[in-house]
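What follows is a single structure, written as structure tokens, with notes after it.
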Amino acid sequence: MDDLPRVLHPGAWWLWALGLATAASRTTNPIVLALIVAAAGYVVARRRGDAPWALAFRLYLVLGALIVASRLLFRTVFGGGGGTHVLITLPQIPLPEWAAGIRLFGPVAAEELLGGLYDGLRLAAMLVCLGAANALANPKRLLKLVPAALYEAGTAVVVALSVAPQLAESVLRVRRARRLRGGAGRGVRALRAILLPVLADALDRSLALAAAMDSRGYARAGTTPRPVRLATGALVVAGLLGVCVGVYGLLDATTPRTLGLPVLAAGALAAVAGMLLGGRRVRRSRYRPDPWRPAETLTVLCGAGAGALLFTTAAVDPADLYPSLSPLTWPRLGLLPAVAIVLAAAPAWLSPPPVPSTSDITEGAV
């Protein structure tokens with residue numbers, strides 16, 4: 001553990017968050033999902049700085065809550081009576097024959113509501129895990145980690161990642177300005193007064209970042225021949241598609257085994273070949289590269305360990321990860337998921353404390 005404050009490698013935070021998101025994708029247990037969200041929030045609370053991107057984590061929590069509420073509403077409106085424990089009976093709206101199989105309102109059963117709650121919690125937990133990485137890692141420093149062959153697309157990705165942090169900062173700035181001017185409105189009227197200035201300010205700052213990158217030569221094609229660029233793009237895109245298919249094959253137990261590790265390995269090889277082919281013609285220097293120290297390795301291992309333990313639990317005792325809805329059973333917290341939660345929260349102590357935003361911005365300047 002590092003005692004001196006410093007900026008942790010942004011790649012370590014993203015790999016840790018991806019491990020947590022993988023763990024959340026393997027379960028519908030609300031206890032496990034709530035603890036994963038709590039672990040991510042605890043790490044963010046202890047290790048985020050006061051920079052603009054660190055203020056966006058609350059937005060992801062709100063978005064996660066909206067996802068859960070929308071899933072419950074969807075199950076209530078479109079046939080929530082697929083169960084034996086009916087909670088309420090709403091007036092059912094008759095539909096024409098061509099809409100057979102779809103029901104609006106009617107009886108609402110506990111099984112359907114719990115199914116919607118579990119699915120919504122899983123998606124919300126995955127989103128919150130990625131939001132934790134966005135709050136802990138400086139999005140501008142990610143541009144230095146992009147392979148040389150992908151520096152053009154990396155610029156667009158970094159600008160897109162900076163929108164949410166800039167939006168959070170714009171909300172604080174507009175609210176502070178309204179309080180200084182004596183604005184004390186609440187509710188919808190205050191929302192209308194804040195929304196447009198916030199969106200305009202966030203968009204202006206993101207465009208200013210894009211213009212600053214363009215003035216420094218980012219996203220320039222350079223002297224790379226067109227056939228080389230096309231071959232590089234084809235290999236990278238095909239490789240990334242193979243990686244996506246392979247990851248899906250590994251996560252979904254119902255898919256054939258040939259769509260798992262073999263496709264993932266082939267896609268990774270194609271992507272690496274494309275990056276090496278394109279990177280040989282792109283010359284780029286690095287200013288103050290981010291060091292990779294034992295704290296980064298421990299952080300990544302914590303996230304990967306949490307995901308691996310959930311994979312192991314799915315093979316050993318699936319009942320700990322997927323509570324039964326028919327018949328209804330209380331969710332429980334097993335030993336392996338509990339250890340995974342502890343590993344997920346361990347970077348709160350294993351990673352170095354944050355540094356002030358001024359130093360972080362100076363070191364991470366692009």
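If you're wondering about the labels, chains in the structure tokens are A, B, ... by order shown, residues count from 1 in each chain, ligands from 1 in order shown.
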Using only C-alpha atoms, determine which residues lie at most 6 Å from Leu235 (chain A), disregarding the query and same-chain residues fewer than 6 positions distant; provide the list as a PyMOL selection string. chain A and resi 270-271+274
Residue contacts of region 15-24 of chain A (7 Å, only C-alpha atoms) excluding same-chain residues fewer than 2 positions away, as a PDB file with C-alpha atoms, in the first residue's frame:
```
ATOM      1  CA  GLY A  11      -6.052   1.629 -16.528  1.00  0.00           C
ATOM      2  CA  ALA A  12      -5.996  -0.011 -13.100  1.00  0.00           C
ATOM      3  CA  TRP A  13      -9.243   1.663 -12.102  1.00  0.00           C
ATOM      4  CA  ARG A  26     -23.238 -13.132 -13.171  1.00  0.00           C
ATOM      5  CA  THR A  27     -25.962 -12.762 -10.533  1.00  0.00           C
ATOM      6  CA  LEU A  33     -25.786  -6.638  -6.259  1.00  0.00           C
ATOM      7  CA  ARG A 122     -28.153  -6.168 -12.265  1.00  0.00           C
ATOM      8  CA  ALA A 125     -25.006  -2.352 -10.726  1.00  0.00           C
ATOM      9  CA  MET A 126     -23.024  -2.802 -13.944  1.00  0.00           C
ATOM     10  CA  CYS A 129     -19.352   0.014 -11.578  1.00  0.00           C
ATOM     11  CA  LEU A 130     -18.400   1.704 -14.843  1.00  0.00           C
ATOM     12  CA  ALA A 132     -17.020   4.404 -10.484  1.00  0.00           C
ATOM     13  CA  ALA A 133     -14.162   4.044 -12.963  1.00  0.00           C
ATOM     14  CA  THR A 299      -6.257  -3.079  -7.548  1.00  0.00           C
ATOM     15  CA  VAL A 300      -6.602  -5.036 -10.776  1.00  0.00           C
ATOM     16  CA  CYS A 302      -9.116  -7.306  -6.575  1.00  0.00           C
ATOM     17  CA  GLY A 303     -11.490  -6.625  -9.450  1.00  0.00           C
ATOM     18  CA  ALA A 304     -10.486  -9.758 -11.347  1.00  0.00           C
ATOM     19  CA  ALA A 306     -14.267 -10.611  -7.508  1.00  0.00           C
ATOM     20  CA  GLY A 307     -15.345 -11.598 -11.013  1.00  0.00           C
ATOM     21  CA  LEU A 310     -18.691 -15.097  -8.929  1.00  0.00           C
ATOM     22  CA  ALA A 344     -14.143  -5.460  -4.471  1.00  0.00           C
TER      23      ALA A 344
END
```
Show me, as a count of residues only, the residues that have an atom within 10 Å of region 236-246 of chain A when counting only C-alpha atoms, minus same-chain residues fewer than 4 positions from it. 30
At what distance in Å, to one decimal, does CA of Leu321 (chain A) lie from CA of Leu63 (chain A)? 23.9 Å
